[in-house]
Each structure stands twice: as structure tokens, then as C-alpha cells.
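Asks: Here you go, protein.csv (CSV, C-alpha atoms and all ligand atoms):
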chain,number,residue,atom,x,y,z
A,1,MET,CA,-47.9,-170.7,-36.1
A,2,LEU,CA,-50.9,-170.8,-38.5
A,3,SER,CA,-50.3,-171.7,-42.2
A,4,GLY,CA,-50.2,-168.4,-44.1
A,5,ASP,CA,-48.5,-166.5,-41.2
A,6,ILE,CA,-45.5,-164.6,-42.4
A,7,VAL,CA,-42.2,-165.7,-40.9
A,8,LYS,CA,-40.6,-162.4,-40.1
A,9,LYS,CA,-36.9,-161.8,-40.6
A,10,ARG,CA,-35.2,-159.8,-37.8
A,11,VAL,CA,-33.1,-156.8,-38.5
A,12,LEU,CA,-31.1,-154.9,-36.0
A,13,VAL,CA,-30.2,-151.3,-37.0
A,14,VAL,CA,-27.2,-150.0,-35.1
A,15,GLY,CA,-26.7,-146.2,-35.1
A,16,SER,CA,-30.4,-145.8,-35.9
A,17,ASN,CA,-30.4,-142.1,-34.8
A,18,GLY,CA,-27.8,-141.1,-37.5
A,19,THR,CA,-28.8,-139.9,-41.0
A,20,LEU,CA,-28.4,-143.2,-42.7
A,21,GLY,CA,-29.8,-145.0,-39.7
A,22,GLN,CA,-33.0,-143.0,-39.6
A,23,ARG,CA,-33.6,-143.5,-43.4
A,24,THR,CA,-33.0,-147.2,-43.0
A,25,VAL,CA,-35.4,-147.5,-40.1
A,26,GLU,CA,-38.1,-145.6,-42.0
A,27,PHE,CA,-37.6,-148.0,-44.9
A,28,TYR,CA,-37.9,-151.2,-42.8
A,29,LEU,CA,-40.8,-149.8,-40.8
A,30,LYS,CA,-42.9,-149.9,-44.0
A,31,LEU,CA,-42.3,-153.6,-44.6
A,32,LYS,CA,-44.5,-156.2,-42.9
A,33,ASN,CA,-42.1,-159.1,-43.2
A,34,TYR,CA,-39.4,-157.7,-41.0
A,35,GLU,CA,-39.1,-157.3,-37.2
A,36,LEU,CA,-37.0,-154.3,-36.3
A,37,LEU,CA,-34.9,-153.4,-33.3
A,38,CYS,CA,-33.0,-150.1,-33.2
A,39,CYS,CA,-30.2,-148.9,-31.1
A,40,SER,CA,-28.0,-145.8,-31.0
A,41,VAL,CA,-25.9,-144.1,-28.4
A,42,GLU,CA,-28.5,-141.5,-27.4
A,43,ASN,CA,-31.0,-142.2,-24.6
A,44,GLU,CA,-34.0,-142.1,-26.9
A,45,SER,CA,-34.9,-142.9,-30.4
A,46,VAL,CA,-35.4,-139.9,-32.7
A,47,ILE,CA,-38.0,-142.0,-34.6
A,48,ASP,CA,-41.3,-142.7,-32.8
A,49,GLY,CA,-42.9,-146.1,-32.6
A,50,VAL,CA,-39.9,-148.3,-32.8
A,51,GLU,CA,-38.4,-150.7,-30.4
A,52,TYR,CA,-35.2,-149.0,-29.2
A,53,PHE,CA,-32.3,-149.5,-26.8
A,54,SER,CA,-29.6,-147.0,-26.0
A,55,ARG,CA,-26.4,-148.8,-26.8
A,56,ASP,CA,-22.8,-147.7,-27.2
A,57,ILE,CA,-21.1,-150.0,-29.7
A,58,THR,CA,-17.8,-149.6,-27.8
A,59,ASP,CA,-19.4,-151.5,-24.9
A,60,LYS,CA,-18.6,-155.1,-25.8
A,61,GLU,CA,-20.9,-156.7,-23.3
A,62,ALA,CA,-23.8,-154.4,-24.2
A,63,VAL,CA,-23.3,-155.2,-27.9
A,64,LYS,CA,-23.3,-159.0,-27.1
A,65,LYS,CA,-26.4,-158.8,-25.0
A,66,THR,CA,-28.3,-156.8,-27.5
A,67,VAL,CA,-27.4,-159.2,-30.4
A,68,PHE,CA,-28.0,-162.4,-28.4
A,69,ASP,CA,-31.3,-161.2,-26.9
A,70,PHE,CA,-32.8,-160.2,-30.3
A,71,CYS,CA,-31.0,-162.8,-32.4
A,72,PRO,CA,-31.2,-160.9,-35.7
A,73,ASP,CA,-30.9,-162.4,-39.1
A,74,SER,CA,-29.1,-159.3,-40.2
A,75,ILE,CA,-27.3,-156.4,-38.5
A,76,ILE,CA,-26.9,-153.1,-40.2
A,77,ASN,CA,-24.1,-151.0,-38.8
A,78,ALA,CA,-24.9,-147.3,-39.5
A,79,ALA,CA,-23.0,-146.1,-36.4
A,80,ALA,CA,-19.7,-144.4,-36.8
A,81,PHE,CA,-17.5,-141.5,-35.7
A,82,THR,CA,-18.0,-139.6,-38.9
A,83,ASN,CA,-16.2,-136.3,-38.2
A,84,VAL,CA,-13.2,-136.6,-40.6
A,85,ASP,CA,-11.2,-133.6,-39.3
A,86,LEU,CA,-11.9,-134.3,-35.6
A,87,SER,CA,-10.7,-137.9,-36.1
A,88,GLU,CA,-7.2,-136.4,-36.5
A,89,THR,CA,-7.1,-135.3,-32.9
A,90,GLU,CA,-9.7,-137.7,-31.3
A,91,ARG,CA,-7.9,-140.8,-32.5
A,92,GLU,CA,-8.6,-143.1,-29.6
A,93,LEU,CA,-12.4,-142.4,-29.8
A,94,ALA,CA,-12.5,-142.7,-33.6
A,95,TRP,CA,-10.7,-146.1,-33.4
A,96,LYS,CA,-12.9,-147.4,-30.6
A,97,ILE,CA,-16.1,-146.6,-32.5
A,98,ASN,CA,-15.1,-147.3,-36.1
A,99,VAL,CA,-12.9,-150.4,-35.5
A,100,LYS,CA,-13.5,-151.9,-32.1
A,101,GLY,CA,-17.2,-151.4,-32.4
A,102,VAL,CA,-17.3,-153.3,-35.7
A,103,GLU,CA,-15.2,-156.1,-34.1
A,104,TYR,CA,-17.7,-156.4,-31.2
A,105,LEU,CA,-20.6,-156.5,-33.7
A,106,SER,CA,-18.9,-159.2,-35.8
A,107,ASP,CA,-17.9,-161.2,-32.7
A,108,ALA,CA,-21.5,-161.3,-31.7
A,109,ALA,CA,-22.7,-161.9,-35.2
A,110,ARG,CA,-20.4,-165.0,-35.5
A,111,ILE,CA,-22.1,-166.7,-32.5
A,112,ILE,CA,-25.6,-166.5,-33.9
A,113,ASP,CA,-24.6,-166.7,-37.6
A,114,ALA,CA,-26.0,-163.2,-38.5
A,115,HIS,CA,-25.3,-161.3,-41.6
A,116,LEU,CA,-23.5,-158.0,-40.9
A,117,VAL,CA,-23.9,-155.1,-43.3
A,118,HIS,CA,-21.3,-152.4,-42.7
A,119,ILE,CA,-20.8,-149.0,-44.4
A,120,SER,CA,-17.4,-147.9,-45.6
A,121,THR,CA,-16.1,-145.0,-47.8
A,122,ASP,CA,-14.1,-144.0,-50.8
A,123,TYR,CA,-11.9,-142.2,-48.3
A,124,ILE,CA,-9.9,-145.4,-48.0
A,125,PHE,CA,-8.3,-144.3,-51.3
A,126,ASP,CA,-5.8,-141.5,-51.9
A,127,GLY,CA,-7.8,-139.9,-54.8
A,128,LYS,CA,-4.9,-140.1,-57.3
A,129,ASN,CA,-6.6,-142.2,-59.9
A,130,GLY,CA,-10.3,-142.6,-59.2
A,131,PRO,CA,-13.0,-143.6,-59.8
A,132,TYR,CA,-12.3,-146.9,-58.0
A,133,SER,CA,-13.5,-150.4,-58.4
A,134,GLU,CA,-13.9,-152.8,-55.5
A,135,THR,CA,-10.5,-154.3,-56.2
A,136,ALA,CA,-8.5,-151.1,-56.3
A,137,LYS,CA,-5.7,-150.8,-53.7
A,138,PRO,CA,-6.5,-148.6,-50.7
A,139,ASN,CA,-4.2,-145.9,-49.5
A,140,PRO,CA,-5.9,-143.8,-46.8
A,141,LEU,CA,-4.8,-140.2,-46.3
A,142,GLY,CA,-6.2,-139.4,-42.9
A,143,TYR,CA,-7.0,-141.1,-39.6
A,144,TYR,CA,-10.8,-141.4,-40.2
A,145,SER,CA,-9.9,-143.1,-43.5
A,146,ARG,CA,-7.5,-145.4,-41.7
A,147,THR,CA,-10.2,-146.4,-39.2
A,148,LYS,CA,-12.6,-147.2,-41.9
A,149,LEU,CA,-10.0,-149.4,-43.8
A,150,ALA,CA,-9.2,-151.1,-40.5
A,151,SER,CA,-12.9,-151.9,-40.0
A,152,GLU,CA,-13.0,-153.5,-43.5
A,153,ASN,CA,-9.9,-155.6,-42.7
A,154,ALA,CA,-11.5,-156.7,-39.4
A,155,LEU,CA,-14.5,-158.0,-41.3
A,156,LYS,CA,-12.4,-159.7,-43.9
A,157,ILE,CA,-10.8,-161.9,-41.3
A,158,SER,CA,-13.9,-162.3,-39.1
A,159,GLY,CA,-15.1,-165.5,-40.7
A,160,ILE,CA,-18.7,-164.2,-40.7
A,161,ASN,CA,-21.1,-163.4,-43.5
A,162,PHE,CA,-20.5,-159.7,-44.0
A,163,THR,CA,-21.2,-157.1,-46.7
A,164,ILE,CA,-19.2,-153.9,-46.9
A,165,LEU,CA,-21.0,-151.2,-48.9
A,166,ARG,CA,-18.5,-148.4,-49.8
A,167,THR,CA,-20.1,-145.1,-50.5
A,168,ASN,CA,-19.2,-141.5,-51.1
A,169,VAL,CA,-20.7,-138.0,-50.4
A,170,LEU,CA,-24.0,-139.0,-49.0
A,171,TYR,CA,-26.8,-136.5,-49.4
A,172,GLY,CA,-30.4,-136.4,-48.5
A,173,THR,CA,-31.7,-135.7,-45.0
A,174,ALA,CA,-33.6,-137.4,-42.3
A,175,LYS,CA,-36.1,-135.6,-40.1
A,176,ASN,CA,-33.9,-135.3,-37.1
A,177,SER,CA,-30.4,-135.1,-38.5
A,178,ARG,CA,-27.9,-132.4,-39.4
A,179,THR,CA,-28.4,-130.4,-42.5
A,180,ASP,CA,-27.1,-132.2,-45.6
A,181,PHE,CA,-25.1,-130.6,-48.4
A,182,VAL,CA,-28.1,-129.9,-50.7
A,183,LYS,CA,-30.2,-128.3,-48.0
A,184,TRP,CA,-27.1,-126.2,-46.9
A,185,VAL,CA,-26.5,-125.0,-50.4
A,186,VAL,CA,-30.2,-124.1,-50.9
A,187,ASN,CA,-30.4,-122.3,-47.6
A,188,LYS,CA,-27.3,-120.3,-48.2
A,189,LEU,CA,-28.1,-119.2,-51.7
A,190,ARG,CA,-31.7,-118.3,-50.7
A,191,ASN,CA,-30.2,-116.1,-48.1
A,192,LYS,CA,-28.1,-114.5,-50.8
A,193,GLU,CA,-24.9,-115.7,-49.0
A,194,GLN,CA,-21.7,-116.4,-51.0
A,195,ILE,CA,-20.4,-120.0,-50.7
A,196,LYS,CA,-17.0,-121.3,-51.5
A,197,ILE,CA,-17.0,-124.7,-53.1
A,198,VAL,CA,-14.1,-126.9,-54.0
A,199,ILE,CA,-13.6,-127.5,-57.7
A,200,ASP,CA,-10.9,-130.2,-57.4
A,201,GLN,CA,-12.8,-132.9,-55.5
A,202,ILE,CA,-14.5,-135.3,-57.9
A,203,ASN,CA,-16.8,-138.1,-57.0
A,204,ASN,CA,-20.3,-139.5,-57.6
A,205,PRO,CA,-22.5,-138.2,-54.8
A,206,THR,CA,-24.8,-140.8,-53.4
A,207,PHE,CA,-28.5,-140.2,-52.5
A,208,ILE,CA,-29.0,-141.7,-49.1
A,209,ASP,CA,-32.2,-143.6,-50.1
A,210,ASP,CA,-30.2,-145.3,-53.0
A,211,LEU,CA,-27.8,-146.6,-50.3
A,212,VAL,CA,-30.8,-147.8,-48.2
A,213,GLN,CA,-32.1,-149.7,-51.3
A,214,ALA,CA,-28.7,-151.3,-51.7
A,215,ILE,CA,-28.7,-152.3,-48.0
A,216,SER,CA,-32.1,-153.9,-48.4
A,217,LYS,CA,-31.0,-155.8,-51.6
A,218,VAL,CA,-27.8,-157.3,-50.1
A,219,ILE,CA,-29.9,-158.5,-47.2
A,220,GLU,CA,-32.7,-159.9,-49.3
A,221,PHE,CA,-30.4,-161.6,-51.8
A,222,ARG,CA,-27.7,-162.4,-49.2
A,223,LYS,CA,-24.9,-160.8,-51.2
A,224,PHE,CA,-21.7,-160.9,-49.3
A,225,GLY,CA,-18.3,-159.2,-49.9
A,226,ILE,CA,-17.6,-155.7,-51.0
A,227,TYR,CA,-19.8,-153.5,-53.2
A,228,ASN,CA,-19.4,-149.9,-54.3
A,229,ILE,CA,-22.6,-147.8,-54.0
A,230,GLY,CA,-22.7,-144.3,-55.6
A,231,GLY,CA,-24.7,-142.0,-57.8
A,232,PRO,CA,-24.8,-142.3,-61.6
A,233,GLU,CA,-22.8,-139.1,-62.3
A,234,PHE,CA,-19.1,-138.2,-61.6
A,235,LEU,CA,-18.6,-134.5,-61.1
A,236,SER,CA,-16.8,-132.0,-59.0
A,237,ARG,CA,-18.4,-130.6,-55.8
A,238,TYR,CA,-18.5,-127.3,-57.6
A,239,ASP,CA,-20.4,-128.7,-60.5
A,240,PHE,CA,-22.7,-130.5,-58.2
A,241,THR,CA,-23.5,-127.2,-56.5
A,242,LEU,CA,-24.2,-125.6,-59.8
A,243,ARG,CA,-26.7,-128.4,-60.6
A,244,ILE,CA,-28.4,-127.8,-57.2
A,245,ALA,CA,-28.6,-124.0,-57.9
A,246,ASP,CA,-30.0,-124.6,-61.4
A,247,PHE,CA,-32.6,-127.0,-60.2
A,248,PHE,CA,-33.8,-124.6,-57.4
A,249,ASN,CA,-33.4,-121.5,-59.6
A,250,LEU,CA,-30.9,-119.9,-57.4
A,251,ASP,CA,-28.2,-117.3,-58.1
A,252,LYS,CA,-25.1,-119.2,-59.3
A,253,SER,CA,-22.8,-116.1,-59.1
A,254,LEU,CA,-22.8,-116.6,-55.3
A,255,ILE,CA,-20.9,-119.9,-55.8
A,256,ILE,CA,-17.2,-119.3,-55.7
A,257,PRO,CA,-14.8,-122.0,-56.9
A,258,ILE,CA,-11.9,-122.7,-54.7
A,259,LYS,CA,-9.2,-125.4,-54.3
A,260,THR,CA,-9.3,-127.9,-51.5
A,261,GLU,CA,-5.9,-126.8,-50.1
A,262,GLU,CA,-7.4,-123.3,-49.5
A,263,LEU,CA,-9.6,-124.8,-46.8
A,264,ASN,CA,-6.7,-125.8,-44.6
A,265,GLN,CA,-8.5,-128.8,-43.2
A,266,ALA,CA,-7.0,-131.1,-40.6
A,267,ALA,CA,-7.4,-134.2,-42.7
A,268,ARG,CA,-6.4,-134.5,-46.4
A,269,ARG,CA,-9.2,-135.5,-48.8
A,270,PRO,CA,-9.0,-137.8,-51.8
A,271,LEU,CA,-9.4,-135.5,-54.9
A,272,LYS,CA,-9.9,-137.6,-58.0
A,273,SER,CA,-12.2,-140.2,-56.4
A,274,GLY,CA,-15.6,-141.7,-56.8
A,275,LEU,CA,-16.8,-145.3,-56.9
A,276,LEU,CA,-17.6,-147.5,-59.9
A,277,THR,CA,-20.9,-149.4,-59.2
A,278,ILE,CA,-21.0,-151.9,-62.1
A,279,LYS,CA,-20.7,-154.8,-59.7
A,280,ALA,CA,-23.7,-153.8,-57.6
A,281,GLN,CA,-25.7,-153.0,-60.8
A,282,SER,CA,-25.0,-156.4,-62.3
A,283,GLU,CA,-25.3,-158.6,-59.1
A,284,PHE,CA,-28.4,-157.1,-57.5
A,285,GLY,CA,-29.8,-154.6,-59.9
A,286,PHE,CA,-28.6,-151.4,-58.1
A,287,LYS,CA,-30.0,-148.5,-60.0
A,288,PRO,CA,-29.3,-145.1,-58.5
A,289,HIS,CA,-31.6,-142.0,-59.2
A,290,THR,CA,-30.2,-139.2,-61.3
A,291,ILE,CA,-29.2,-136.0,-59.5
A,292,GLU,CA,-32.3,-134.2,-60.8
A,293,GLU,CA,-34.6,-137.0,-59.7
A,294,THR,CA,-33.2,-136.9,-56.2
A,295,LEU,CA,-33.5,-133.1,-56.0
A,296,LEU,CA,-37.1,-133.4,-57.0
A,297,LEU,CA,-37.7,-136.0,-54.3
A,298,MET,CA,-36.0,-133.8,-51.7
A,299,LYS,CA,-38.0,-130.8,-52.9
A,300,SER,CA,-41.3,-132.4,-52.3
A,301,GLU,CA,-40.3,-134.2,-49.1
A,302,LEU,CA,-38.6,-131.3,-47.4
A,303,ALA,CA,-40.7,-128.5,-49.0
A,304,LEU,CA,-37.4,-126.9,-50.2
A,401,LIG,N1,-21.9,-138.9,-44.8
A,401,LIG,C1,-21.1,-139.3,-45.8
A,401,LIG,O1,-20.8,-138.5,-46.8
A,401,LIG,C2,-20.5,-140.6,-45.9
A,401,LIG,C3,-19.6,-141.0,-46.9
A,401,LIG,C4,-19.1,-142.3,-47.0
A,401,LIG,C5,-19.4,-143.2,-46.0
A,401,LIG,N2,-20.1,-142.8,-44.9
A,401,LIG,C6,-20.4,-143.8,-43.9
A,401,LIG,O2,-21.8,-144.0,-43.8
A,401,LIG,C7,-22.2,-144.4,-42.5
A,401,LIG,C8,-23.3,-143.6,-42.0
A,401,LIG,O3,-23.0,-142.2,-42.0
A,401,LIG,P1,-24.0,-141.0,-41.6
A,401,LIG,O4,-23.7,-139.9,-42.5
A,401,LIG,O5,-25.4,-141.5,-41.4
A,401,LIG,O6,-23.4,-140.6,-40.2
A,401,LIG,P2,-24.0,-139.9,-38.9
A,401,LIG,O7,-25.3,-139.1,-39.3
A,401,LIG,O8,-22.9,-139.2,-38.2
A,401,LIG,O9,-24.5,-141.2,-38.0
A,401,LIG,C9,-23.7,-142.0,-37.3
A,401,LIG,C10,-24.5,-142.3,-36.0
A,401,LIG,O10,-23.7,-143.2,-35.2
A,401,LIG,C11,-23.9,-142.8,-33.9
A,401,LIG,N3,-22.8,-143.2,-33.0
A,401,LIG,C12,-21.6,-142.6,-32.8
A,401,LIG,N4,-20.9,-143.2,-31.9
A,401,LIG,C13,-21.6,-144.3,-31.5
A,401,LIG,C14,-21.4,-145.3,-30.5
A,401,LIG,N5,-20.3,-145.4,-29.8
A,401,LIG,N6,-22.4,-146.3,-30.4
A,401,LIG,C15,-23.5,-146.2,-31.1
A,401,LIG,N7,-23.8,-145.2,-32.0
A,401,LIG,C16,-22.8,-144.3,-32.2
A,401,LIG,C17,-23.9,-141.3,-34.0
A,401,LIG,O11,-24.4,-140.7,-32.8
A,401,LIG,P3,-23.9,-139.2,-32.4
A,401,LIG,O12,-24.4,-138.3,-33.6
A,401,LIG,O13,-24.6,-138.9,-31.1
A,401,LIG,O14,-22.4,-139.2,-32.3
A,401,LIG,C18,-24.8,-141.1,-35.2
A,401,LIG,O15,-26.2,-141.2,-34.8
A,401,LIG,C19,-20.9,-144.3,-41.6
A,401,LIG,O16,-20.3,-145.5,-41.5
A,401,LIG,C20,-20.0,-143.4,-42.5
A,401,LIG,O17,-18.6,-143.6,-42.2
A,401,LIG,C21,-20.7,-141.6,-44.8
Mind turning this structure into C-alpha cells?
Ligand SMILES: NC(=O)c1ccc[n+]([C@@H]2O[C@H](COP(=O)([O-])OP(=O)(O)OC[C@H]3O[C@@H](n4cnc5c(N)ncnc54)[C@H](OP(=O)(O)O)[C@@H]3O)[C@@H](O)[C@H]2O)c1
Replies:
Amino acid sequence: MLSGDIVKKRVLVVGSNGTLGQRTVEFYLKLKNYELLCCSVENESVIDGVEYFSRDITDKEAVKKTVFDFCPDSIINAAAFTNVDLSETERELAWKINVKGVEYLSDAARIIDAHLVHISTDYIFDGKNGPYSETAKPNPLGYYSRTKLASENALKISGINFTILRTNVLYGTAKNSRTDFVKWVVNKLRNKEQIKIVIDQINNPTFIDDLVQAISKVIEFRKFGIYNIGGPEFLSRYDFTLRIADFFNLDKSLIIPIKTEELNQAARRPLKSGLLTIKAQSEFGFKPHTIEETLLLMKSELAL
């Protein structure tokens, strides 16, 4: 190695084809001092120009081989079974991906002393008295929530350097991912369609790139433990929708307030929720964008 050469840190992004995974990969691709390896369950990467392996995190041997061959300094786990209602019936699969997969990653991370960054959720709480701090007592309402809490517990006893970033209501899109909430609202209202939005679910929606910033900070500053990551404003989903409509100058009379129970969803949702982010702010300078700033970013990027 010549003096002046950069010693590159290696980062493995697991679940790189998901929404968060894609935004994370795009972030690290711009940095010169990181070597990146991506893997997700699909045959091919949805992002061009990256080193990619098709890997199922429920395949213990495949996880081991990937981690040992690449020997990353940090592993970012953006893979998950994220369908909250389907988790009620697809319990075995949800557990395998959300809990066993995390155990396999942490088993491999332990051998090579890698830092594992894992994403969790405010759904581990019952929504009776949010917003929640990192030390609040969990009480999950549904099976997805139980798997996510179990993944946290697996990491707590793993003996590795781990960071759990709990987040809530992610918004912002990636080029090749499903439509996010903001884009869905804009599309519906532009088509003059009525939308029914819950008025009794309160949280602090999180712009996906703010979560990516937090991931990069905990890796850079080697911050271990649990951190809440969320937006700067606590509001109902209905009020969030009004703000989106205002920003894009759309007809607010099409937004009909309803209660969560009217949706008859398979899994119960925490109602008075949200995550306090003071720990992340004070320990690594986490500073989320305001809602209007994020809508402006989305407007220019997605030509909304
Ligand atoms: N979205 C939210 O509002 C929210 C809120 C709080 C926390 N979170 C957490 O944030 C994280 C990222 O969420 P996201 O919104 O980016 O989810 P996402 O778009 O659904 O991405 C998850 C990715 O994991 C992949 N995956 C599923 N099973 C896999 C397996 N066995 N092996 C490898 N990859 C697999 C999925 O592939 P397929 O699509 O092909 O299944 C998908 O590409 C998750 O841990 C989630 O629990 C999300």
C-alpha cells in the first residue's frame, strides 16, 4: 500500500433491494472510503454497478459464507418481512426472516468482530402512552411486532457490537421500490380520488434519508446500543396527509378522517406512539429534516 492510499472500510448491506436498502446503497456508493457489498433475496440487484449476491438471510450457511468471504467492518440489516398484517398468518416465515435471519447475521458478525446495525420499530410498543424513549417498556400488539422485539432481544444477548435503530412510518421512495405514503397520497388526490386516513394514529414520520444518515453516523462513530430515529414532528396520519396536500396544493376535502378500528386490519396498531430522538441528537448529532423540507426534496427528485 502506498502512503496516502485510503484504507477502505467494508460495508455489507443486507436487504439491499428494499426501500431502505436501496437508499443506503446509493448513499455509500457516493463515498470513496467504503467498499460495498450488497445482497438481497432476489436474483439481481435493482441498483446497477454494485457488487451483488443473491442471499436469503434464512439460509445460515449462505449468510456465514457471505460474511466470512467479504469480512465487513459493518453489516447493515435492511432485510425484513415487513407486511404487518400478513405476519399474523405467515408466522413461521415472518419469524424465520425477522428473528432467525438476525441471529445468523449476529453469529457470523461475532466471529469476525463486525458491527451489526439493525432496524427496529415503534411497533414493539402498545401505543398507550407514546412517544417512547429508548428505555420504555415494550408490549407488542401483533406478530410482526413480536418478531421485531425478539430480534432486538437476540442482539442484546449476542455479545457482539450491535446498534438497533428504532424508527416509525418511513416515507420517501427508492427508484425501484413500492409507492410510499407521500407518493400514494399525491397520486390519489391528483386523480381526484377520496382517501380515508386514520386520525387516531400518532407518531413522528421518518424520512428515509434521515434514517440513512443515522445509519452512517452510528457506523462512523461506532455508537452501539439502542437509538430512536424519527422525524421532528409528532402528528396524526390524518394531519400528515393534510400537510402533504397543502404542500402539493391538492384538494383536502378528498381526505376523509376515520378511526383505525374501521379498517378491520388483521394486526392491531399502536395508536399514541412515536419515538423521542433526544439520545441520537445528543450522541451523534442526529438532525432530521422538517416535513416541508422532505416534501421539497421528494418533489424535485421524483418530479412529483
Ligand atoms: N417501512 C416502515 O414504515 C418501517 C417502520 C419501522 C421500521 N421499519 C423497518 O425498517 C427496515 C426496512 O424496511 P423497508 O421499508 O425498507 O422494507 P422493504 O422495502 O420491505 O425491504 C425489505 C427487504 O428485505 C428483503 N427480504 C425479505 N426477506 C428476505 C430474506 N429472507 N433474505 C434477504 N432479504 C429479504 C425484501 O425482499 P422482498 O421485497 O422480495 O420480500 C426487501 O427487499 C425493516 O427492518 C423494517 O422492519 C420499517
Asks: Could you pull out the residues sitting within 6 Å of ligand LIG 401 (chain A), using all atoms listed in the file, and write them as a PyMOL selection string?
Replies: chain A and resi 15+17-21+40-42+55-58+78-82+97+119-121+167-170
Asks: What's the separation between CA of Ser87 in chain A and CA of Pro140 in chain A, in Å to one decimal place?
Replies: 13.1 Å
Asks: Which residue, A:Thr206, A:Ser300, A:Ser133, A:Gln201, has the smallest gap to Lys272 in chain A when you use all atoms listed in the file?
Replies: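 Smallest separation from Lys272 in chain A among the options: A:Gln201.
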Asks: With a distance cut-off of 8 Å and all atoms listed in the file, select the neighbouring residues of Leu211 in chain A, excluding the residue or stretch itself and same-chain residues fewer than 3 positions from it, and output the selection as a ChimeraX atom specification.
Replies: /A:167,206-208,214-215,229-230
Asks: Which is closest to Phe234 in chain A among A:Glu301, A:Val198, A:Leu250, A:Pro131, if we use only C-alpha atoms?
Replies: A:Pro131
Asks: Which one is closest to Val185 in chain A: A:Ile244, A:Ala154, A:Cys39, A:Ile226? Count all atoms listed in the file.
Replies: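 Among the listed residues, A:Ile244 lies closest to Val185 in chain A.
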Asks: Excluding same-chain residues fewer than 4 positions from Asn77 in chain A, what lies within 9 Å of it counting all atoms listed in the file, as a PyMOL selection string?
Replies: chain A and resi 12-16+21+102+105+116-119
Asks: Need the shell around Asp246 in chain A: protein/DNA/RNA residues with any atom at most 12 Å away, counting only C-alpha atoms. Skip same-chain ones fewer than 5 positions apart. Format as a list in words?
Replies: Val185, Val186, Leu189, Asp239, Phe240, Thr241, Asp251, Lys252, Ser253, Ile255, Ile291, Glu292 and Leu295 of chain A
Asks: With C-alpha atoms kept, could you save the residues just selected as a PDB file, in the coordinates of the input?
Replies:
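Written file, out-v7.pdb:
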ATOM      1  CA  VAL A 185     -26.500-125.000 -50.400  1.00  0.00           C
ATOM      2  CA  VAL A 186     -30.200-124.100 -50.900  1.00  0.00           C
ATOM      3  CA  LEU A 189     -28.100-119.200 -51.700  1.00  0.00           C
ATOM      4  CA  ASP A 239     -20.400-128.700 -60.500  1.00  0.00           C
ATOM      5  CA  PHE A 240     -22.700-130.500 -58.200  1.00  0.00           C
ATOM      6  CA  THR A 241     -23.500-127.200 -56.500  1.00  0.00           C
ATOM      7  CA  ASP A 251     -28.200-117.300 -58.100  1.00  0.00           C
ATOM      8  CA  LYS A 252     -25.100-119.200 -59.300  1.00  0.00           C
ATOM      9  CA  SER A 253     -22.800-116.100 -59.100  1.00  0.00           C
ATOM     10  CA  ILE A 255     -20.900-119.900 -55.800  1.00  0.00           C
ATOM     11  CA  ILE A 291     -29.200-136.000 -59.500  1.00  0.00           C
ATOM     12  CA  GLU A 292     -32.300-134.200 -60.800  1.00  0.00           C
ATOM     13  CA  LEU A 295     -33.500-133.100 -56.000  1.00  0.00           C
TER      14      LEU A 295
END
Asks: Excluding same-chain residues fewer than 6 positions from Asp59 in chain A, what lies within 10 Å of it counting only C-alpha atoms, as number ranges by chain?
Replies: A: 96-97, 100-101, 104
Asks: Within 9 Å of range 276-285 of chain A, counting all atoms listed in the file, which residues qualify if same-chain residues fewer than 5 places away don't, as a list of chain:residue names?
Replies: A:Gly130, A:Pro131, A:Tyr132, A:Ser133, A:Glu134, A:Asn204, A:Ala214, A:Lys217, A:Val218, A:Phe221, A:Lys223, A:Tyr227, A:Asn228, A:Ile229, A:Gly230, A:Gly231, A:Pro232
Asks: Please, which residues are within 8 Å of (-11.3, -138.3, -54.0) by the file's coordinates, counting all atoms listed in the file, and could they come as a ChimeraX atom specification?
Replies: /A:122-123,125-128,130,201-203,269-274
Asks: Would you give me, as a tab-separated table, each residue of range 143-231 of chain A having an atom within 12 Å of an atom of range 31-36 of chain A, along with its shortest atom pair and that distance in Å to one decimal, using only C-alpha atoms and sorting by chain and residue number?
Replies:
residue	atom	partner	partner_atom	distance
A:Ser216	CA	A:Leu31	CA	10.9
A:Ile219	CA	A:Tyr34	CA	11.4
A:Glu220	CA	A:Tyr34	CA	10.9
Asks: Compare A:Glu103, A:Asp48, A:Glu293, A:Asp209 by their minimum atom-to-atom distance to Tyr171 in chain A, counting only C-alpha atoms, and give me the closest one.
Replies: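 Ranked by minimum distance to Tyr171 in chain A, first place goes to A:Asp209.
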Asks: CA of Glu26 in chain A and CA of Val182 in chain A, how far apart in Å?
Replies: 20.5 Å
Asks: One number please: CA of Pro205 in chain A to CA of Ala94 in chain A, in Å, one decimal.
Replies: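 Computed distance, CA of Pro205 in chain A to CA of Ala94 in chain A, equals 23.9 Å.
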